[in-house]
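Student: Next up is a structure, given as structure tokens.
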Amino acid sequence: MTDDPVSAPSEAEPEQLELLVGPLDPAPLPSNPDEIAALVRRTVALEARLATVTAHFRRRDAAAERGDGRATLRDGLKAAARGLDGLWCGAPVPDSAPPLPLPRISIVTPVLNARETIAETIESVLGQGYPGLEYILVDGGSTDGTREIIQRYADRLDLVIAEPDEGLYDAVAKGFIRATGEVLAWLNADDLYLPGGLDRVGRHFAAFPDERVIYFENLLSIGAWRFANQPLGLVDFRRLLDGHFLFQDGVFFRRIAYDAVGGIDRSLKLAGDWALWLALARRYPLRRLDGHVSSFRVRAGQLSEDMAAYEAECALVAARLKPTLSRAEWLADLPGRIGLALAERLETASGRLGAHRRFYFPLALDEDVPAPRGIAPPAAAPARCPITDTLPRQLLFASPDTRFGEPAMNDVWYHADSHVAAIGPEMDRPTLRRLHEAHYGGGLREIKVPAEGSPSPFRHYRGKSHGLARAIARLFPAPLRRALVPWTDDTHAEIKRMARGLLPRRSEALRVLDLACFEGDLLDGFQAEGFRTFGCDPSERAVEAARAKGHQIWLGGIEDALRVIPAEERFDLVVMVHTLEHATEPLAALQRAARLLEPDGLILISTPNLDSAQIDLYGPTWAHWHPPFHRFVFSAKSLAALAAASGLRCLRTRSWSHPYWSWLSLKLNELGLMGAVPHGLAPDPETRNAAEVTALAARLFQDWRGRGDYLYAALKPDLRS
């Protein structure tokens, strides 16, 4: 006898099961009740036989997969390599890679009386557009109208199992038994998959055929709010034994791994998912992928509310699974321990030294959120990249308008590949223009303070403090600080510095166009220096004010520039000062601006800087997020890519910081996301000095490294091609 589980199966092979595609001469359809009953009996028998054969081969494959199950040095080094790959290489296959055959993914949703959420959950799965999707719903006996909702999707679901069950994990196990996919996962009836999530999962498993289990750190949905969950880091068997928890919506595993560990324990009532992760982690490295694919809805009545019972069940499971290792077994397991510890330490070091975990803003463990009174949650429709039109992989946080107090909720998404943030849900131009006219046209402005004692997410958020830089800035006397970082508007001087040596030489006066010129204040400075000044703005009131100063102004937004400006007009300098981030289609806006330029002309862009060090300090309370008015927040990298896609070349970038924007961030940080701090207010003495210290620290240590609060880019037509 051999010990090889493949060559020595534990049971005899079943005889060949013949399932004919169809006879050459099909038999006539049954014509009487006896013939129909006989056909039904044969069909049931064939299905039962097929289930028996399938179960046999699954057991055989699981036995082969199990092997001896002990960790080796190679396993430990593989785990470390997986950790490094997740840190710097990124898990998804690049879009430019040749297409790979995607595995079939089976999603199981257990449901019991989920009338209010089940339709949204089903839509989030069916809307994935994944080509190899199998979706199974297991209804344990809903009586609140859930079954009627499910019935509306019956023709789009692969299987609906409607029968009583013994609890959540019994229902999940029933679904997995009937599933035919290579990759398995389950999604609770009140949670969601984010668009494009299953595509990421399928592409990863296709690219890494030896991978068995992957997981993502979930989003939390609390009423109208969405936030990143507390970071899980790298998870292994020992960390799970210590109580490390994984949300089931973000874990995906191959069928062969699920069968190899014996599947889910159907007898458990509260900790079945944790027991499954523990069993999988005992045998396989758990691979963490960056970003989010699902959203976990926190609501009343969830199993996790009974934490005492949950922890008691966990203790029983741990006592059963926790290994008692002999000295020889402990030594054999040591390389695996070292490999996983090394991977975790490398991840921690990279998080400190790089930007791997920079845009990660989980709520504090003791932080509460306000009730959603009057605030509807945004649709789960991630804002696409303005350059590549791809879906994002990470949500940063949700927020209402923190500048003027508009109540609608917004999501701030991050596109790691292009290094740009995008605000969702998408907003049409008329709505955005209406909001601009209501709030950018002046009028009474006041700080809106959250109600006494009410929660306000990220109030007094403290990120990376840049303590040394701020300490040095505090050593400067107040008069010297104000001389070095004045509160005056230096935009014109900054533009002159950026344009030095880049403007074309003409015998006649240069022509400058300011897109979104407002009342022409910036054009006034150019006019005083002998430029011929032109502008474009969507506000009739602002257009009239700018024309009264002697500037030639057209009525329209930056997207309308080609339509409202005469076709024969060309300009030597086009400026877009804090304008591009407001555009719903920034690529189209920049392409249109490029067509208004002389062949040797120059475009100067000023926009908030996604690389700003003050994001590290203030997090979601950084003033320049400014949803919903800002639709995108760019970096030097994304501006260069946007320029290249517009036929332009980025010649120069530079960042600056201004104490007024630091003051806005500081005031909002005091209030949290339920507050609102409009621009146009005079700084109060209490926070004025702190804002000057922050701005001076940026001037001394951050601006010249590209980490200032806002960014300038100088672009010219790319004539090299």
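We name chains A, B, ... following the order of the structure tokens; residues begin at 1 in each chain, and ligands are numbered from 1 as shown.
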Which of region 401-541 of chain A end up as strand (DSSP E or B) when DSSP is run on this backbone - answer as a compact mmCIF listing (two decimals) with N, CA, C and O atoms, in the first residue's frame?
Tutor:
```
# COMPACT_ATOMS: atom_id res chain seq x y z
N ASN A 410 -21.63 62.01 0.19
CA ASN A 410 -20.71 61.75 -0.92
C ASN A 410 -19.69 60.70 -0.50
O ASN A 410 -19.37 60.57 0.68
N ASP A 411 -19.17 59.97 -1.47
CA ASP A 411 -18.08 59.02 -1.24
C ASP A 411 -16.82 59.55 -1.89
O ASP A 411 -16.85 60.05 -3.01
N VAL A 412 -15.70 59.41 -1.18
CA VAL A 412 -14.40 59.79 -1.72
C VAL A 412 -13.63 58.51 -2.02
O VAL A 412 -13.31 57.73 -1.11
N TRP A 413 -13.35 58.27 -3.32
CA TRP A 413 -12.69 57.05 -3.78
C TRP A 413 -11.25 57.36 -4.18
O TRP A 413 -10.93 58.50 -4.54
N TYR A 414 -10.43 56.32 -4.17
CA TYR A 414 -9.02 56.49 -4.53
C TYR A 414 -8.64 55.52 -5.65
O TYR A 414 -8.91 54.33 -5.56
N HIS A 415 -8.02 56.07 -6.70
CA HIS A 415 -7.48 55.28 -7.80
C HIS A 415 -5.96 55.20 -7.63
O HIS A 415 -5.25 56.17 -7.90
N VAL A 420 -5.14 59.40 -8.11
CA VAL A 420 -6.11 60.50 -8.12
C VAL A 420 -7.29 60.08 -7.27
O VAL A 420 -7.63 58.89 -7.19
N ALA A 421 -7.91 61.03 -6.57
CA ALA A 421 -9.13 60.78 -5.80
C ALA A 421 -10.32 61.27 -6.61
O ALA A 421 -10.23 62.28 -7.32
N ALA A 422 -11.44 60.56 -6.50
CA ALA A 422 -12.64 60.91 -7.26
C ALA A 422 -13.84 60.89 -6.32
O ALA A 422 -13.95 60.03 -5.44
N ILE A 423 -14.73 61.85 -6.51
CA ILE A 423 -15.90 62.02 -5.64
C ILE A 423 -17.12 61.41 -6.31
O ILE A 423 -17.40 61.69 -7.48
N GLY A 424 -17.85 60.57 -5.58
CA GLY A 424 -19.08 59.99 -6.09
C GLY A 424 -20.23 60.26 -5.14
O GLY A 424 -20.01 60.71 -4.01
N LYS A 448 -20.93 76.18 10.61
CA LYS A 448 -22.01 75.36 11.15
C LYS A 448 -21.41 74.35 12.11
O LYS A 448 -20.59 73.51 11.74
N ARG A 511 -1.51 87.32 -24.93
CA ARG A 511 -2.93 87.14 -24.66
C ARG A 511 -3.10 86.05 -23.60
O ARG A 511 -2.62 84.92 -23.77
N VAL A 512 -3.79 86.37 -22.50
CA VAL A 512 -4.00 85.43 -21.42
C VAL A 512 -5.50 85.17 -21.26
O VAL A 512 -6.30 86.11 -21.30
N LEU A 513 -5.85 83.91 -21.11
CA LEU A 513 -7.25 83.50 -20.91
C LEU A 513 -7.35 82.83 -19.54
O LEU A 513 -6.65 81.87 -19.26
N ASP A 514 -8.25 83.33 -18.71
CA ASP A 514 -8.52 82.75 -17.39
C ASP A 514 -9.85 82.01 -17.46
O ASP A 514 -10.91 82.62 -17.58
N LEU A 515 -9.79 80.68 -17.40
CA LEU A 515 -11.01 79.88 -17.40
C LEU A 515 -11.56 79.82 -15.98
O LEU A 515 -10.83 79.46 -15.04
N ARG A 532 -3.01 91.32 -22.69
CA ARG A 532 -4.39 91.43 -23.15
C ARG A 532 -5.18 90.33 -22.44
O ARG A 532 -4.83 89.16 -22.52
N THR A 533 -6.23 90.71 -21.76
CA THR A 533 -6.88 89.80 -20.81
C THR A 533 -8.24 89.35 -21.30
O THR A 533 -9.07 90.15 -21.74
N PHE A 534 -8.47 88.02 -21.16
CA PHE A 534 -9.72 87.39 -21.56
C PHE A 534 -10.13 86.41 -20.47
O PHE A 534 -9.29 85.91 -19.71
N GLY A 535 -11.41 86.11 -20.43
CA GLY A 535 -11.88 85.18 -19.41
C GLY A 535 -13.16 84.48 -19.82
O GLY A 535 -13.80 84.82 -20.82
N CYS A 536 -13.53 83.51 -19.01
CA CYS A 536 -14.74 82.72 -19.25
C CYS A 536 -15.27 82.31 -17.88
O CYS A 536 -14.51 81.87 -17.02
N ASP A 537 -16.57 82.48 -17.66
CA ASP A 537 -17.15 82.13 -16.37
C ASP A 537 -18.64 81.84 -16.55
O ASP A 537 -19.31 82.50 -17.36
```
Student: DSSP on the backbone: which residues in region 361-608 of chain A end up as alpha helix (DSSP H)? Give the answer as JSON, numbers by chain.
Tutor: {"A": [429, 430, 431, 432, 433, 434, 435, 436, 437, 438, 439, 467, 468, 469, 470, 471, 472, 473, 474, 478, 479, 480, 481, 482, 483, 484, 491, 492, 493, 494, 495, 496, 497, 498, 499, 521, 522, 523, 524, 525, 526, 527, 528, 540, 541, 542, 543, 544, 545, 546, 547, 561, 562, 563, 564, 586, 587, 588, 589, 590, 591, 592, 593, 594, 595]}
Student: When you count only C-alpha atoms, which of these residues is closest to Gly675 (chain A): A:Ala623, A:Leu639, A:Leu604, A:Ile447?
Tutor: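 Closest to Gly675 (chain A) of all the choices is A:Ile447.
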Student: If we count only C-alpha atoms, what is near Ile107 (chain A) at a cut-off of 6 Å, once residues fewer than 5 positions away on the same chain are taken out, given as an MDAnalysis selection string?
Tutor: chainID A and resid 135 185:186
Student: At most 10 Å is the cut-off: for each residue in region 527-614 of chain A with any atom that close to an atom of region 650-660 of chain A, write down the nearest atom pair and the distance in Å rounded to one decimal, counting only C-alpha atoms, chain first then increasing number, as JSON lines.
Tutor:
```
{"residue": "A:Leu602", "atom": "CA", "partner": "A:Leu651", "partner_atom": "CA", "distance": 9.8}
{"residue": "A:Ile603", "atom": "CA", "partner": "A:Cys650", "partner_atom": "CA", "distance": 9.5}
{"residue": "A:Leu604", "atom": "CA", "partner": "A:Arg652", "partner_atom": "CA", "distance": 9.7}
{"residue": "A:Ile605", "atom": "CA", "partner": "A:Thr653", "partner_atom": "CA", "distance": 9.4}
{"residue": "A:Ser606", "atom": "CA", "partner": "A:Ser655", "partner_atom": "CA", "distance": 9.1}
{"residue": "A:Thr607", "atom": "CA", "partner": "A:Ser655", "partner_atom": "CA", "distance": 9.5}
{"residue": "A:Pro608", "atom": "CA", "partner": "A:Ser655", "partner_atom": "CA", "distance": 9.1}
{"residue": "A:Asn609", "atom": "CA", "partner": "A:Ser655", "partner_atom": "CA", "distance": 7.5}
{"residue": "A:Asp611", "atom": "CA", "partner": "A:Ser655", "partner_atom": "CA", "distance": 9.4}
{"residue": "A:Ser612", "atom": "CA", "partner": "A:Ser655", "partner_atom": "CA", "distance": 8.6}
{"residue": "A:Gln614", "atom": "CA", "partner": "A:Ser657", "partner_atom": "CA", "distance": 9.5}
```
Student: Would you save the residues of that selection, restricted to C-alpha atoms, as a tab-separated table (two decimals), in the first residue's frame?
Tutor:
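again36.tsv was written with the following content:
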```tsv
chain	number	residue	atom	x	y	z
A	602	LEU	CA	1.46	77.62	-22.07
A	603	ILE	CA	-1.25	76.24	-19.78
A	604	LEU	CA	-0.89	76.79	-16.04
A	605	ILE	CA	-3.01	74.72	-13.66
A	606	SER	CA	-3.43	75.24	-9.93
A	607	THR	CA	-5.29	72.55	-7.99
A	608	PRO	CA	-5.33	70.88	-4.54
A	609	ASN	CA	-2.46	68.44	-4.10
A	611	ASP	CA	0.36	64.48	-2.10
A	612	SER	CA	-0.18	67.22	0.49
A	614	GLN	CA	-1.62	68.09	5.48
```
Student: Quick check, in Å to one decimal: how far apart do CA of Ala690 (chain A) and CA of Arg470 (chain A) lie?
Tutor: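 Separating CA of Ala690 (chain A) from CA of Arg470 (chain A) is a distance of 9.4 Å.
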Student: Got a sec: who's within 9 Å of Val111 (chain A), counting only C-alpha atoms, leaving out chain neighbours fewer than 4 positions off, as JSON, numbers by chain?
Tutor: {"A": [118, 137, 138, 139, 140, 141, 142, 146, 168, 171, 188, 189, 190]}
Student: Could you state the separation of CA of Leu280 (chain A) and CA of Phe237 (chain A) in Å, given to one decimal place?
Tutor: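 Atom-to-atom, CA of Leu280 (chain A) and CA of Phe237 (chain A) are spaced 8.2 Å apart.
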Student: Please identify all polymer residues within 12 Å of Ala438 (chain A), counting only C-alpha atoms, omitting same-chain residues fewer than 5 positions from it, and present them as a list in words.
Tutor: Phe404, Gly405, Glu406, Thr431, Leu432, Arg433, Gly443, Leu444, Arg445, Ser539 and Phe629 of chain A
Student: Pick the closest to Ser418 (chain A) from A:Ala398, A:Leu673, A:Ile387, A:Ala371: which is it, counting only C-alpha atoms?
Tutor: A:Ile387
Student: Which polymer residues have any atom within 10 Å of an atom of region 577-580 of chain A, counting only C-alpha atoms, with same-chain residues fewer than 4 positions away left out, as a ChimeraX atom specification?
Tutor: /A:491,495,514-517,522,557-558,584-587,589-590,604-608,630-634,710-712
Student: Taking N, CA, C and O atoms for each residue, export the selection above as an mmCIF file, in the first residue's frame.
Tutor:
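Everything below was put into selection-v5.cif:
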```
data_model
loop_
_atom_site.group_PDB
_atom_site.id
_atom_site.type_symbol
_atom_site.label_atom_id
_atom_site.label_comp_id
_atom_site.auth_asym_id
_atom_site.auth_seq_id
_atom_site.Cartn_x
_atom_site.Cartn_y
_atom_site.Cartn_z
ATOM 1 N N THR A 491 -1.517 84.319 -5.608
ATOM 2 C CA THR A 491 -1.709 83.508 -6.809
ATOM 3 C C THR A 491 -0.970 84.097 -8.010
ATOM 4 O O THR A 491 -0.296 83.368 -8.757
ATOM 5 N N ILE A 495 2.016 82.245 -10.118
ATOM 6 C CA ILE A 495 1.916 81.965 -11.550
ATOM 7 C C ILE A 495 3.129 82.525 -12.287
ATOM 8 O O ILE A 495 3.699 81.875 -13.183
ATOM 9 N N ASP A 514 -8.252 83.335 -18.707
ATOM 10 C CA ASP A 514 -8.519 82.746 -17.394
ATOM 11 C C ASP A 514 -9.852 82.006 -17.458
ATOM 12 O O ASP A 514 -10.914 82.618 -17.584
ATOM 13 N N LEU A 515 -9.791 80.681 -17.401
ATOM 14 C CA LEU A 515 -11.010 79.877 -17.405
ATOM 15 C C LEU A 515 -11.560 79.817 -15.977
ATOM 16 O O LEU A 515 -10.835 79.459 -15.041
ATOM 17 N N ALA A 516 -12.841 80.155 -15.822
ATOM 18 C CA ALA A 516 -13.473 80.327 -14.509
ATOM 19 C C ALA A 516 -12.826 81.507 -13.798
ATOM 20 O O ALA A 516 -12.224 81.382 -12.727
ATOM 21 N N CYS A 517 -12.949 82.661 -14.420
ATOM 22 C CA CYS A 517 -12.243 83.859 -13.947
ATOM 23 C C CYS A 517 -12.956 84.579 -12.812
ATOM 24 O O CYS A 517 -12.417 85.554 -12.273
ATOM 25 N N LEU A 522 -7.759 87.969 -10.834
ATOM 26 C CA LEU A 522 -6.459 87.528 -11.325
ATOM 27 C C LEU A 522 -6.096 88.239 -12.626
ATOM 28 O O LEU A 522 -4.940 88.613 -12.851
ATOM 29 N N GLY A 557 -18.947 77.775 -18.689
ATOM 30 C CA GLY A 557 -17.989 77.054 -17.870
ATOM 31 C C GLY A 557 -16.814 76.572 -18.690
ATOM 32 O O GLY A 557 -16.753 76.762 -19.916
ATOM 33 N N ILE A 558 -15.865 75.899 -18.045
ATOM 34 C CA ILE A 558 -14.671 75.469 -18.765
ATOM 35 C C ILE A 558 -15.015 74.421 -19.824
ATOM 36 O O ILE A 558 -14.356 74.343 -20.853
ATOM 37 N N THR A 584 -16.649 68.080 -14.195
ATOM 38 C CA THR A 584 -17.168 66.713 -14.205
ATOM 39 C C THR A 584 -16.398 65.836 -15.184
ATOM 40 O O THR A 584 -16.341 64.623 -15.018
ATOM 41 N N GLU A 585 -15.794 66.451 -16.207
ATOM 42 C CA GLU A 585 -14.984 65.719 -17.185
ATOM 43 C C GLU A 585 -13.664 66.467 -17.373
ATOM 44 O O GLU A 585 -13.479 67.188 -18.356
ATOM 45 N N PRO A 586 -12.732 66.314 -16.444
ATOM 46 C CA PRO A 586 -11.493 67.103 -16.520
ATOM 47 C C PRO A 586 -10.646 66.812 -17.744
ATOM 48 O O PRO A 586 -9.980 67.706 -18.259
ATOM 49 N N LEU A 587 -10.661 65.581 -18.230
ATOM 50 C CA LEU A 587 -9.875 65.270 -19.428
ATOM 51 C C LEU A 587 -10.417 66.042 -20.624
ATOM 52 O O LEU A 587 -9.651 66.664 -21.381
ATOM 53 N N ALA A 589 -12.158 68.774 -20.503
ATOM 54 C CA ALA A 589 -11.930 70.200 -20.262
ATOM 55 C C ALA A 589 -10.509 70.601 -20.636
ATOM 56 O O ALA A 589 -10.288 71.652 -21.269
ATOM 57 N N LEU A 590 -9.520 69.773 -20.273
ATOM 58 C CA LEU A 590 -8.136 70.105 -20.598
ATOM 59 C C LEU A 590 -7.885 69.983 -22.099
ATOM 60 O O LEU A 590 -7.146 70.794 -22.683
ATOM 61 N N LEU A 604 -1.266 76.880 -17.442
ATOM 62 C CA LEU A 604 -0.890 76.791 -16.037
ATOM 63 C C LEU A 604 -2.104 76.348 -15.230
ATOM 64 O O LEU A 604 -3.170 76.976 -15.294
ATOM 65 N N ILE A 605 -1.942 75.279 -14.476
ATOM 66 C CA ILE A 605 -3.014 74.715 -13.664
ATOM 67 C C ILE A 605 -2.630 74.823 -12.196
ATOM 68 O O ILE A 605 -1.506 74.512 -11.806
ATOM 69 N N SER A 606 -3.576 75.268 -11.383
ATOM 70 C CA SER A 606 -3.434 75.236 -9.933
ATOM 71 C C SER A 606 -4.585 74.412 -9.375
ATOM 72 O O SER A 606 -5.746 74.624 -9.745
ATOM 73 N N THR A 607 -4.265 73.462 -8.491
ATOM 74 C CA THR A 607 -5.289 72.546 -7.990
ATOM 75 C C THR A 607 -4.827 71.968 -6.662
ATOM 76 O O THR A 607 -3.616 71.914 -6.391
ATOM 77 N N PRO A 608 -5.748 71.537 -5.789
ATOM 78 C CA PRO A 608 -5.331 70.877 -4.542
ATOM 79 C C PRO A 608 -4.432 69.681 -4.818
ATOM 80 O O PRO A 608 -4.575 68.992 -5.828
ATOM 81 N N HIS A 630 -15.765 69.733 -5.346
ATOM 82 C CA HIS A 630 -14.593 69.138 -5.989
ATOM 83 C C HIS A 630 -14.971 67.740 -6.440
ATOM 84 O O HIS A 630 -15.406 66.907 -5.637
ATOM 85 N N ARG A 631 -14.777 67.477 -7.718
ATOM 86 C CA ARG A 631 -15.089 66.153 -8.255
ATOM 87 C C ARG A 631 -13.865 65.245 -8.287
ATOM 88 O O ARG A 631 -13.992 64.028 -8.289
ATOM 89 N N PHE A 632 -12.673 65.850 -8.308
ATOM 90 C CA PHE A 632 -11.440 65.076 -8.340
ATOM 91 C C PHE A 632 -10.369 65.834 -7.557
ATOM 92 O O PHE A 632 -10.403 67.061 -7.469
ATOM 93 N N VAL A 633 -9.437 65.098 -6.986
ATOM 94 C CA VAL A 633 -8.254 65.683 -6.359
ATOM 95 C C VAL A 633 -7.039 65.039 -7.015
ATOM 96 O O VAL A 633 -6.868 63.813 -6.975
ATOM 97 N N PHE A 634 -6.190 65.870 -7.623
ATOM 98 C CA PHE A 634 -5.102 65.380 -8.460
ATOM 99 C C PHE A 634 -3.772 65.412 -7.722
ATOM 100 O O PHE A 634 -3.593 66.113 -6.714
ATOM 101 N N TYR A 710 -1.297 72.769 -2.182
ATOM 102 C CA TYR A 710 -1.854 72.815 -3.529
ATOM 103 C C TYR A 710 -0.714 72.813 -4.536
ATOM 104 O O TYR A 710 0.445 73.063 -4.200
ATOM 105 N N LEU A 711 -1.067 72.514 -5.778
ATOM 106 C CA LEU A 711 -0.083 72.141 -6.782
ATOM 107 C C LEU A 711 -0.240 73.002 -8.023
ATOM 108 O O LEU A 711 -1.362 73.312 -8.433
ATOM 109 N N TYR A 712 0.881 73.396 -8.618
ATOM 110 C CA TYR A 712 0.901 74.056 -9.925
ATOM 111 C C TYR A 712 1.559 73.123 -10.943
ATOM 112 O O TYR A 712 2.511 72.406 -10.625
#
```
Student: Between region 187-277 of chain A and region 294-299 of chain A, at 6 Å or less, what are the per-residue closest atom pairs and their distances in Å? Count only C-alpha atoms, order by chain and rising residue number, and return it as a Markdown table.
Tutor:
```
| residue | atom | partner | partner_atom | distance |
| --- | --- | --- | --- | --- |
| A:Asp191 | CA | A:Phe296 | CA | 5.1 |
| A:Leu192 | CA | A:Ser295 | CA | 5.2 |
| A:Tyr193 | CA | A:Ser294 | CA | 4.2 |
| A:Leu194 | CA | A:Ser294 | CA | 5.3 |
| A:Asn218 | CA | A:Ser295 | CA | 5.9 |
| A:Leu219 | CA | A:Ser295 | CA | 4.6 |
| A:Leu220 | CA | A:Phe296 | CA | 5.0 |
| A:Ser221 | CA | A:Arg297 | CA | 4.5 |
| A:Ile222 | CA | A:Val298 | CA | 5.3 |
```
Student: I'd like the interatomic distance between CA of Arg320 (chain A) and CA of Phe245 (chain A), to a tenth of an Å.
Tutor: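 That distance, rounded to one decimal, is 18.0 Å.
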Student: Let me make sure I understand: among A:Leu664, A:Ile149, A:Pro628, A:Tyr130, which one has the smallest atom-to-atom distance to Pro407 (chain A) if we use only C-alpha atoms?
Tutor: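 Using only C-alpha atoms, the shortest distance to Pro407 (chain A) belongs to A:Pro628.
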